[in-house]
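Text of run-v5.cif (mmCIF, C-alpha atoms) as supplied:
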data_final
#
loop_
_atom_site.label_atom_id
_atom_site.label_comp_id
_atom_site.auth_asym_id
_atom_site.auth_seq_id
_atom_site.Cartn_x
_atom_site.Cartn_y
_atom_site.Cartn_z
CA MET T 48 -67.83 -96.97 11.04
CA ALA T 49 -68.48 -96.27 14.71
CA LYS T 50 -64.87 -96.33 15.83
CA ALA T 51 -63.61 -94.10 13.04
CA ARG T 52 -66.33 -91.56 13.69
CA ALA T 53 -65.57 -91.43 17.42
CA LEU T 54 -61.93 -90.84 16.62
CA ASP T 55 -62.82 -88.05 14.25
CA ARG T 56 -65.02 -86.41 16.84
CA ARG T 57 -62.23 -86.49 19.39
CA ARG T 58 -59.82 -85.01 16.89
CA LYS T 59 -62.17 -82.13 16.17
CA SER T 60 -62.66 -81.40 19.86
CA ILE T 61 -58.91 -81.36 20.43
CA GLN T 62 -58.45 -79.06 17.48
CA SER T 63 -60.84 -76.53 18.95
CA THR T 64 -59.16 -76.78 22.36
CA ARG T 65 -55.88 -76.15 20.63
CA LYS T 66 -57.31 -72.98 19.12
CA ILE T 67 -58.21 -71.76 22.62
CA THR T 68 -54.86 -72.54 24.17
CA HIS T 69 -53.03 -70.99 21.26
CA THR T 70 -55.04 -67.77 21.55
CA MET T 71 -54.44 -67.66 25.29
CA GLU T 72 -50.75 -68.04 24.66
CA LEU T 73 -50.79 -65.06 22.32
CA ILE T 74 -52.82 -62.95 24.73
CA SER T 75 -50.56 -63.67 27.66
CA THR T 76 -47.52 -62.85 25.53
CA ALA T 77 -48.98 -59.41 24.85
CA THR T 78 -49.97 -58.79 28.49
CA TYR T 79 -46.60 -60.04 29.65
CA ARG T 80 -44.87 -57.38 27.55
CA LYS T 81 -47.01 -54.66 29.10
CA ALA T 82 -46.55 -55.96 32.63
CA MET T 83 -42.83 -56.18 32.03
CA ASP T 84 -42.70 -52.54 30.90
CA ARG T 85 -44.42 -51.49 34.10
CA ALA T 86 -42.03 -53.49 36.22
CA VAL T 87 -39.08 -51.89 34.43
CA SER T 88 -40.40 -48.36 34.97
CA ALA T 89 -40.96 -49.13 38.64
CA THR T 90 -37.29 -50.00 38.85
CA ALA T 91 -36.41 -46.42 37.88
CA TYR T 92 -38.29 -45.14 40.93
CA THR T 93 -36.75 -47.73 43.25
CA ASN T 94 -33.25 -46.93 42.05
CA ARG T 95 -33.72 -43.23 42.64
CA LEU T 96 -35.13 -43.86 46.09
CA THR T 97 -32.26 -46.17 46.99
CA ALA T 98 -29.73 -43.65 45.73
CA MET T 99 -31.34 -40.99 47.87
CA VAL T 100 -31.23 -43.13 50.99
CA GLY T 101 -27.57 -43.67 50.22
CA GLN T 102 -27.07 -39.92 50.13
CA LEU T 103 -28.93 -39.49 53.40
CA ALA T 104 -26.77 -42.14 55.04
CA ARG T 105 -23.66 -40.44 53.70
CA ALA T 106 -24.80 -37.16 55.21
CA GLY T 107 -23.91 -38.74 58.52
CA LEU T 108 -27.45 -39.50 59.51
CA GLU T 109 -28.10 -42.61 61.51
CA VAL T 110 -30.92 -44.43 59.82
CA GLN T 111 -33.54 -44.96 62.48
CA HIS T 112 -37.24 -45.33 62.13
CA PRO T 113 -40.01 -47.21 63.93
CA LEU T 114 -40.52 -49.35 60.85
CA LEU T 115 -36.91 -50.47 60.91
CA GLN T 116 -37.10 -51.60 64.51
CA LYS T 117 -38.04 -55.12 65.34
CA HIS T 118 -40.73 -55.41 67.98
CA GLU T 119 -39.55 -57.10 71.15
CA ASN T 120 -41.99 -59.97 70.97
CA THR T 121 -43.21 -61.32 67.71
CA GLU T 122 -46.78 -62.39 68.27
CA ASN T 123 -48.97 -61.17 65.47
CA VAL T 124 -47.86 -62.15 62.01
CA VAL T 125 -49.61 -61.46 58.75
CA ILE T 126 -48.93 -63.68 55.78
CA LEU T 127 -49.90 -61.92 52.57
CA THR T 128 -50.12 -64.29 49.64
CA LEU T 129 -50.15 -63.05 46.07
CA THR T 130 -51.82 -65.37 43.59
CA SER T 131 -53.73 -64.92 40.36
CA ASN T 132 -57.42 -64.47 39.76
CA ARG T 133 -57.47 -66.91 36.91
CA GLY T 134 -56.07 -70.36 36.38
CA MET T 135 -54.49 -71.96 33.32
CA CYS T 136 -51.04 -70.91 34.43
CA GLY T 137 -49.37 -74.17 35.33
CA GLY T 138 -47.77 -74.41 38.73
CA PHE T 139 -47.85 -70.67 39.39
CA ASN T 140 -50.49 -70.65 42.14
CA GLY T 141 -49.63 -74.10 43.46
CA ALA T 142 -46.04 -73.17 44.22
CA VAL T 143 -47.01 -70.00 46.09
CA LEU T 144 -49.78 -71.72 48.04
CA ARG T 145 -47.58 -74.64 49.06
CA LEU T 146 -45.00 -72.22 50.39
CA ALA T 147 -47.60 -70.14 52.20
CA ALA T 148 -49.20 -73.22 53.76
CA ALA T 149 -45.82 -74.48 54.94
CA ARG T 150 -45.05 -71.11 56.50
CA TYR T 151 -48.47 -71.03 58.12
CA LYS T 152 -47.95 -74.47 59.64
CA GLU T 153 -44.49 -73.58 60.87
CA LEU T 154 -45.67 -70.38 62.55
CA THR T 155 -48.76 -71.99 64.06
CA GLN T 156 -46.57 -74.61 65.67
CA ALA T 157 -44.45 -71.81 67.08
CA GLY T 158 -47.62 -70.58 68.78
CA LEU T 159 -47.94 -67.27 66.98
CA ASN T 160 -51.10 -65.45 66.14
CA ILE T 161 -51.35 -65.59 62.38
CA THR T 162 -53.59 -63.75 59.97
CA VAL T 163 -53.64 -64.81 56.36
CA ASP T 164 -54.42 -62.18 53.75
CA CYS T 165 -54.67 -63.17 50.16
CA SER T 166 -54.80 -61.50 46.78
CA GLY T 167 -56.35 -63.49 43.94
CA LYS T 168 -59.30 -65.87 43.68
CA ARG T 169 -57.07 -68.89 43.20
CA GLY T 170 -55.36 -68.24 46.48
CA VAL T 171 -58.64 -67.80 48.32
CA SER T 172 -60.00 -71.11 47.06
CA GLY T 173 -56.64 -72.77 47.64
CA PHE T 174 -56.66 -71.75 51.29
CA LYS T 175 -60.25 -72.85 51.64
CA PHE T 176 -59.27 -76.28 50.37
CA ARG T 177 -56.40 -76.40 52.85
CA GLN T 178 -58.78 -75.20 55.58
CA ILE T 179 -56.76 -72.13 56.40
CA PRO T 180 -58.97 -69.14 57.24
CA VAL T 181 -58.37 -66.06 55.06
CA SER T 182 -59.20 -62.85 56.86
CA GLU T 183 -58.82 -60.37 54.03
CA SER T 184 -58.94 -61.04 50.32
CA TYR T 185 -58.17 -58.65 47.50
CA LEU T 186 -59.61 -59.70 44.19
CA LYS T 187 -59.23 -56.67 41.98
CA PHE T 188 -55.59 -57.09 41.06
CA GLU T 189 -55.27 -58.28 37.50
CA ASP T 190 -52.30 -57.97 35.21
CA LYS T 191 -51.96 -54.26 35.94
CA PRO T 192 -51.84 -53.65 39.69
CA ALA T 193 -52.42 -49.93 40.34
CA TYR T 194 -50.12 -48.17 42.76
CA ILE T 195 -53.02 -46.40 44.44
CA GLU T 196 -54.64 -49.71 45.33
CA VAL T 197 -51.42 -51.21 46.63
CA GLU T 198 -50.77 -48.04 48.62
CA LYS T 199 -54.05 -48.50 50.47
CA ILE T 200 -53.04 -51.99 51.53
CA ALA T 201 -49.58 -50.78 52.46
CA ASP T 202 -51.04 -47.97 54.58
CA LYS T 203 -53.17 -50.49 56.44
CA TYR T 204 -50.14 -52.59 57.37
CA LEU T 205 -48.10 -49.52 58.28
CA ASP T 206 -50.81 -48.35 60.66
CA LEU T 207 -51.11 -51.78 62.25
CA TYR T 208 -47.35 -52.07 62.64
CA GLN T 209 -46.97 -48.67 64.19
CA ALA T 210 -49.87 -49.32 66.53
CA GLY T 211 -48.12 -52.49 67.68
CA LYS T 212 -50.89 -54.78 66.47
CA LEU T 213 -48.67 -56.33 63.86
CA ASP T 214 -45.16 -57.55 64.52
CA ARG T 215 -44.20 -59.05 61.22
CA LEU T 216 -45.43 -59.04 57.66
CA ASP T 217 -44.45 -61.91 55.39
CA VAL T 218 -45.28 -61.71 51.73
CA VAL T 219 -45.43 -64.94 49.75
CA TYR T 220 -45.22 -64.28 46.04
CA THR T 221 -43.53 -65.30 42.84
CA LYS T 222 -40.35 -63.37 42.38
CA PHE T 223 -39.35 -62.53 38.88
CA VAL T 224 -35.68 -63.39 38.49
CA THR T 225 -35.26 -63.65 34.74
CA VAL T 226 -37.61 -64.37 31.87
CA SER T 227 -36.84 -68.06 32.21
CA LYS T 228 -36.77 -68.19 35.99
CA GLN T 229 -39.41 -67.21 38.53
CA THR T 230 -39.46 -68.64 42.00
CA ALA T 231 -41.98 -68.58 44.81
CA VAL T 232 -40.44 -66.84 47.81
CA VAL T 233 -41.32 -65.67 51.30
CA GLU T 234 -40.12 -62.18 52.00
CA THR T 235 -40.38 -60.34 55.29
CA LEU T 236 -41.30 -56.75 54.52
CA LEU T 237 -41.99 -55.56 58.05
CA PRO T 238 -39.87 -54.81 59.98
CA LEU T 239 -37.97 -53.37 57.06
CA THR T 240 -34.53 -54.87 57.01
CA GLU T 241 -32.58 -52.78 54.60
CA LEU T 242 -33.23 -49.54 52.86
CA ALA T 243 -30.24 -49.03 50.66
CA SER T 244 -29.60 -52.54 49.41
CA GLY T 245 -25.97 -52.57 50.42
CA GLU T 246 -24.72 -50.46 47.54
CA THR T 247 -21.32 -48.96 48.16
CA GLU T 248 -20.89 -46.26 45.59
CA THR T 249 -17.55 -44.60 45.62
CA SER T 250 -18.88 -41.33 44.31
CA THR T 251 -17.91 -38.32 46.34
CA ALA T 252 -20.36 -37.24 48.97
CA HIS T 253 -22.11 -34.10 47.81
CA ASP T 254 -22.91 -31.34 50.16
CA TYR T 255 -26.65 -31.50 49.98
CA GLU T 256 -29.03 -28.96 51.28
CA PHE T 257 -31.88 -30.76 53.03
CA LEU T 258 -35.31 -29.22 53.04
CA PRO T 259 -36.64 -29.28 55.72
CA SER T 260 -34.06 -31.60 57.35
CA ALA T 261 -32.41 -34.93 56.68
CA LYS T 262 -34.35 -36.47 59.55
CA SER T 263 -37.71 -35.34 58.29
CA ILE T 264 -36.92 -36.61 54.81
CA LEU T 265 -35.92 -39.95 56.21
CA GLU T 266 -39.23 -40.18 58.03
CA GLU T 267 -40.93 -39.89 54.67
CA VAL T 268 -38.54 -42.11 52.77
CA VAL T 269 -38.97 -45.17 54.99
CA PRO T 270 -42.73 -45.62 54.43
CA ALA T 271 -42.32 -44.75 50.75
CA SER T 272 -39.69 -47.42 50.43
CA PHE T 273 -41.95 -49.99 52.11
CA LYS T 274 -44.82 -49.12 49.78
CA MET T 275 -42.52 -49.43 46.82
CA LYS T 276 -41.33 -52.83 47.97
CA LEU T 277 -44.86 -54.08 48.34
CA PHE T 278 -45.79 -52.66 44.96
CA LYS T 279 -42.77 -54.41 43.44
CA CYS T 280 -44.06 -57.70 44.86
CA PHE T 281 -47.39 -57.17 43.12
CA LEU T 282 -45.69 -56.25 39.85
CA ASP T 283 -43.36 -59.25 40.03
CA SER T 284 -46.28 -61.52 40.70
CA ALA T 285 -48.20 -60.10 37.73
CA VAL T 286 -45.28 -60.56 35.37
CA SER T 287 -44.58 -64.08 36.62
CA GLU T 288 -48.23 -65.04 36.21
CA GLN T 289 -48.18 -64.04 32.56
CA ILE T 290 -44.96 -65.91 31.93
CA ALA T 291 -46.32 -68.99 33.68
CA ARG T 292 -49.47 -68.82 31.58
CA MET T 293 -47.46 -68.35 28.42
CA VAL T 294 -45.35 -71.42 29.13
CA ALA T 295 -48.33 -73.53 30.22
CA MET T 296 -50.34 -72.62 27.13
CA LYS T 297 -47.40 -73.22 24.83
CA SER T 298 -46.95 -76.76 26.08
CA ALA T 299 -50.71 -77.32 26.00
CA THR T 300 -50.76 -76.28 22.34
CA GLU T 301 -47.84 -78.56 21.59
CA ASN T 302 -49.55 -81.46 23.34
CA ALA T 303 -52.72 -80.82 21.37
CA ASP T 304 -50.73 -80.90 18.13
CA GLN T 305 -49.20 -84.20 19.15
CA MET T 306 -52.59 -85.69 20.00
CA VAL T 307 -54.15 -84.51 16.76
CA LYS T 308 -51.32 -86.23 14.92
CA THR T 309 -51.72 -89.58 16.70
CA LEU T 310 -55.50 -89.44 16.46
CA SER T 311 -55.31 -88.69 12.73
CA GLN T 312 -53.11 -91.74 12.26
CA ALA T 313 -55.48 -93.93 14.25
CA TYR T 314 -58.47 -92.54 12.37
CA ASN T 315 -56.90 -93.17 8.96
CA ARG T 316 -55.95 -96.71 9.95
CA ALA T 317 -59.46 -97.40 11.23
CA ARG T 318 -60.98 -96.01 8.05
CA GLN T 319 -58.62 -98.07 5.90
CA GLY T 320 -59.46 -101.14 7.96
CA GLN T 321 -63.13 -100.58 7.46
CA ILE T 322 -62.80 -100.22 3.68
CA THR T 323 -60.69 -103.34 3.49
CA GLY T 324 -63.27 -105.13 5.59
CA GLU T 325 -66.12 -104.06 3.33
CA LEU T 326 -64.18 -105.05 0.22
CA THR T 327 -63.44 -108.50 1.57
CA GLU T 328 -67.11 -108.90 2.39
CA LEU T 329 -68.09 -107.92 -1.14
CA ILE T 330 -65.57 -110.24 -2.74
CA GLY T 331 -66.67 -112.97 -0.38
CA GLY T 332 -70.29 -112.39 -1.42
CA VAL T 333 -69.44 -112.52 -5.13
CA GLU T 334 -67.43 -115.72 -4.62
CA ALA T 335 -70.38 -117.30 -2.78
CA LEU T 336 -72.79 -116.47 -5.61
CA LYS T 337 -70.64 -118.21 -8.22
CA MET U 264 -30.59 -28.54 32.75
CA LYS U 265 -32.38 -31.89 32.80
CA ILE U 266 -35.56 -32.77 34.60
CA SER U 267 -37.11 -36.18 35.16
CA VAL U 268 -40.30 -37.09 36.94
CA VAL U 269 -40.84 -40.69 38.03
CA THR U 270 -43.79 -42.32 39.76
CA PRO U 271 -43.91 -45.92 40.97
CA GLU U 272 -45.89 -46.80 37.86
CA LYS U 273 -44.04 -45.03 35.11
CA LYS U 274 -41.52 -42.49 34.02
CA VAL U 275 -43.69 -39.44 33.41
CA LEU U 276 -41.13 -37.23 31.74
CA ASP U 277 -37.46 -36.88 31.11
CA MET U 278 -36.44 -33.75 29.23
CA GLU U 279 -34.38 -30.60 28.98
CA CYS U 280 -35.62 -27.47 30.68
CA VAL U 281 -34.58 -23.88 31.29
CA SER U 282 -35.88 -23.64 34.83
CA CYS U 283 -38.60 -25.12 36.96
CA VAL U 284 -40.79 -24.27 39.91
CA LEU U 285 -42.06 -26.99 42.19
CA PRO U 286 -44.04 -27.21 45.41
CA LEU U 287 -42.08 -28.10 48.53
CA TYR U 288 -43.63 -29.02 51.87
CA ASP U 289 -43.97 -25.38 52.90
CA GLY U 290 -44.10 -23.39 49.67
CA GLU U 291 -42.74 -23.24 46.18
CA ILE U 292 -39.12 -23.40 45.17
CA GLY U 293 -37.64 -22.24 41.90
CA ILE U 294 -34.68 -24.08 40.45
CA GLU U 295 -32.41 -22.57 37.85
CA ASN U 296 -29.21 -23.67 36.24
CA ASN U 297 -26.29 -24.56 38.52
CA ARG U 298 -28.30 -24.82 41.68
CA SER U 299 -26.40 -26.31 44.61
CA PRO U 300 -27.27 -29.92 45.49
CA LEU U 301 -30.58 -30.31 47.23
CA ILE U 302 -32.83 -33.02 48.60
CA GLY U 303 -36.27 -31.91 49.62
CA ARG U 304 -39.76 -33.05 50.44
CA VAL U 305 -42.26 -32.25 47.73
CA GLY U 306 -45.71 -30.99 48.65
CA PHE U 307 -48.97 -31.13 46.74
CA GLY U 308 -49.26 -28.60 44.01
CA GLU U 309 -48.14 -27.37 40.67
CA LEU U 310 -44.89 -28.22 38.96
CA ARG U 311 -44.08 -25.66 36.27
CA ILE U 312 -41.36 -26.50 33.83
CA LYS U 313 -40.06 -23.76 31.61
CA THR U 314 -38.63 -25.04 28.35
CA GLU U 315 -37.44 -23.36 25.16
CA SER U 316 -40.89 -23.78 23.67
CA GLY U 317 -43.07 -22.73 26.61
CA THR U 318 -44.24 -23.81 30.02
CA GLU U 319 -45.54 -27.23 30.99
CA ARG U 320 -47.70 -27.65 34.04
CA TYR U 321 -48.20 -30.77 36.14
CA TYR U 322 -49.90 -31.57 39.39
CA VAL U 323 -47.52 -33.49 41.68
CA ASP U 324 -48.61 -35.51 44.63
CA GLY U 325 -45.95 -35.27 47.33
CA GLY U 326 -42.71 -37.22 47.30
CA PHE U 327 -39.11 -36.11 47.03
CA VAL U 328 -36.88 -34.03 44.83
CA GLU U 329 -33.18 -34.33 44.31
CA VAL U 330 -31.11 -31.75 42.51
CA LEU U 331 -27.54 -32.62 41.58
CA ASP U 332 -25.26 -31.44 38.78
CA ASN U 333 -28.06 -29.77 36.86
CA ASN U 334 -30.24 -32.86 37.08
CA ILE U 335 -33.58 -32.48 38.77
CA SER U 336 -35.26 -35.73 39.65
CA ILE U 337 -38.66 -35.77 41.20
CA MET U 338 -40.07 -38.91 42.79
CA THR U 339 -43.77 -38.56 43.38
CA GLY U 340 -46.82 -40.73 43.92
CA ASN U 341 -48.61 -39.28 40.95
CA ALA U 342 -47.99 -36.66 38.28
CA ILE U 343 -50.84 -35.43 36.12
CA PRO U 344 -50.81 -32.66 33.51
CA THR U 345 -52.99 -29.90 34.97
CA THR U 346 -55.21 -29.92 31.88
CA GLU U 347 -56.29 -33.47 32.77
CA LEU U 348 -57.39 -32.64 36.29
CA ASN U 349 -61.08 -32.76 37.07
CA ALA U 350 -62.44 -29.95 39.24
CA ASP U 351 -65.64 -31.79 40.14
CA GLU U 352 -63.76 -34.86 41.35
CA ALA U 353 -61.40 -32.71 43.39
CA ALA U 354 -64.31 -30.82 44.94
CA LYS U 355 -65.89 -34.11 45.90
CA GLN U 356 -62.65 -35.36 47.43
CA LEU U 357 -62.37 -32.17 49.45
CA GLU U 358 -65.92 -32.50 50.67
CA ASP U 359 -65.41 -36.14 51.65
CA ALA U 360 -62.13 -35.37 53.38
CA LEU U 361 -63.59 -32.50 55.34
CA ALA U 362 -66.51 -34.64 56.47
CA VAL U 363 -64.20 -37.07 58.28
CA VAL U 364 -64.08 -36.54 62.03
CA ALA U 365 -60.48 -37.06 63.09
CA THR U 366 -60.24 -38.73 66.47
CA THR U 367 -56.67 -40.03 66.35
CA ASP U 368 -53.40 -38.60 65.08
CA ASP U 369 -53.27 -41.09 62.22
CA VAL U 370 -56.71 -40.23 60.97
CA PHE U 371 -55.91 -36.57 61.34
CA ALA U 372 -52.75 -36.93 59.27
CA THR U 373 -54.65 -38.76 56.54
CA LYS U 374 -57.38 -36.18 56.59
CA GLU U 375 -54.95 -33.32 56.35
CA ARG U 376 -53.14 -34.96 53.47
CA LYS U 377 -56.35 -35.54 51.57
CA VAL U 378 -57.55 -31.99 52.17
CA LYS U 379 -54.23 -30.58 50.95
CA GLN U 380 -54.32 -32.83 47.89
CA ALA U 381 -57.87 -31.88 47.03
CA ARG U 382 -57.27 -28.16 47.52
CA ALA U 383 -54.19 -28.26 45.30
CA LYS U 384 -56.07 -30.17 42.62
CA LEU U 385 -58.99 -27.79 42.83
CA ARG U 386 -56.68 -24.81 42.47
CA LEU U 387 -54.99 -26.25 39.41
CA ALA U 388 -57.91 -27.82 37.60
CA PRO U 389 -58.90 -26.00 34.42
CA ARG U 390 -61.85 -23.67 34.86
CA LYS U 391 -64.93 -24.17 32.78
#

Written form, structure tokens:
Amino acid sequence: MAKARALDRRRKSIQSTRKITHTMELISTATYRKAMDRAVSATAYTNRLTAMVGQLARAGLEVQHPLLQKHENTENVVILTLTSNRGMCGGFNGAVLRLAAARYKELTQAGLNITVDCSGKRGVSGFKFRQIPVSESYLKFEDKPAYIEVEKIADKYLDLYQAGKLDRLDVVYTKFVTVSKQTAVVETLLPLTELASGETETSTAHDYEFLPSAKSILEEVVPASFKMKLFKCFLDSAVSEQIARMVAMKSATENADQMVKTLSQAYNRARQGQITGELTELIGGVEALK
Amino acid sequence: MKISVVTPEKKVLDMECVSCVLPLYDGEIGIENNRSPLIGRVGFGELRIKTESGTERYYVDGGFVEVLDNNISIMTGNAIPTTELNADEAAKQLEDALAVVATTDDVFATKERKVKQARAKLRLAPRK
């Protein structure tokens, strides 16, 4: 009976694991929807901002700002890596970390002074394993990154950049492309490369009144646009994490189902075998007594 | 006339209005129907929207405003209905901000912004 019982025990344990993975799948589906809504509403803000920069450019203003200018020598680089606080999300963290580590190696070989900042516990432990020192870690970002929190981080980088202590900011995160496609990417956010993402609207230029002046507005728009970009990275990462977890948990549930099926078959066969065995023994005994 | 308020986190409102008053960097501006196109810097203070059914009040936290073809769009860091503001919190923020000793221009700018924010919030918060 020993073998059959062991099989049964394994089956039960897998069934309870399946319950967990299935629940996690459902939870991440719900959180994904919410995160997605937030990402969509952020797009409304970005679009407006981009449209406004377009209008400013059309007003004949040359777009110039310290944040848009590349420093002469690139020495100090910050790599900000966005990972998740929790695991069980397939290759989500691995992909980002691999990319970040590769970038780190590449820049170290180029002899630059690199600081690694990281959001998410998984990233922190991942860097520890790879023996890359993390100077600043942010652990409070869950599935709903708050703008106020991101703004603080953004302000820090803006100050450093303007003070000349930072020459480039690379953000490694998972970009949300479509629901079925998210890729880990490295994006250089500082110096800002483009403000109006190359849109060429043919709408007539309106004669805007600028209060106080186009220049002053531009000075405000550039940092706002940087903050928004960074916030978008956090939102993308949050959405991608949920999708990754959803997919990982779905396949885990399917695998559990498959295993329960095979184990049930094996268990039934073992049980049948045992009964047959016992019967033969009985018949054998009766025969011997005759 | 249409008005929409967006923050990086969400679309706060999108509705029809008769007129509105909003804080600019140096004082308030009133916008009525058929105003000429405008792009401006928004200050910290009260946004009053007059609709058919009454007036709605929000606290807005800097940002930009664009007026075009009877569409007012406000992009701000935060927009809170004035009834949800907390006077005690604002008073604390003001106290904290005033306690900072500004030694550099950056710190001074931050301090000034926080003081302005807190004063505006304090002014608008419902009285007990």

Inset, instruction - Would you kindly translate the PyMOL selection byres ((chain U) within 12 of (chain T)) into the concrete residues it picks from this file, as a ChimeraX atom specification? - result: /U:267-277,286-292,298-306,324-332,335-341,367-370,372-373

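The list of residues with at least one atom within 10 Å of Glu189 of chain T, based on only C-alpha atoms and without residues fewer than 4 positions apart in the same chain, reads Thr130, Ser131, Asn132, Arg133, Ser166, Gly167, Ala193, Phe281, Ala285 and Glu288 of chain T.
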
Inset, instruction - On this file, the PyMOL selection byres ((chain T and resi 216) around 9) gives some set of residues; write that set as a PyMOL selection string. - result: chain T and resi 123-127+204+208+213-215+217-218+234-238

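Between atom CA of Pro389 of chain U and atom CA of Thr346 of chain U the separation is 6.0 Å.
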
Inset, instruction - Name the residues that the PyMOL selection byres ((chain U and resi 312) around 7) picks from the file above, as a PyMOL selection string, using the file's chain letters and numbers. - result: chain U and resi 280+282-284+310-311+313-314+318-320

Inset, instruction - Write out as a PyMOL selection string each polymer residue whose atoms come within 10 Å of Thr240 of chain T, counting all atoms listed in the file; drop sequence neighbours fewer than 6 positions from it. - result: chain T and resi 114-117

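For the atom pair formed by atom CA of Ser172 of chain T and atom CA of Lys228 of chain T, the distance is 25.9 Å, given to one decimal.
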
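Using all atoms listed in the file, the smallest distance between any of U:Met278, U:Asn333, U:Asp351, U:Glu315 and Ala388 of chain U comes from U:Asp351.
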
Legend entry - Gap from atom CA of Val286 of chain T to atom CA of Ile200 of chain T - Å, one decimal: 19.9 Å

Legend entry - Long-range neighbours of Met293 of chain T as a PyMOL selection string, 8 Å cut-off, all atoms listed in the file, 5 positions minimum in chain: chain T and resi 71-73+75-76+136

For the residues selected in the previous step, produce a file with C-alpha atoms as a PDB file, keeping the file's coordinate frame.
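Result file follows (selection38.pdb):
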ATOM      1  CA  MET T  71     -54.440 -67.660  25.290  1.00  0.00           C
ATOM      2  CA  GLU T  72     -50.750 -68.040  24.660  1.00  0.00           C
ATOM      3  CA  LEU T  73     -50.790 -65.060  22.320  1.00  0.00           C
ATOM      4  CA  SER T  75     -50.560 -63.670  27.660  1.00  0.00           C
ATOM      5  CA  THR T  76     -47.520 -62.850  25.530  1.00  0.00           C
ATOM      6  CA  CYS T 136     -51.040 -70.910  34.430  1.00  0.00           C
TER       7      CYS T 136
END
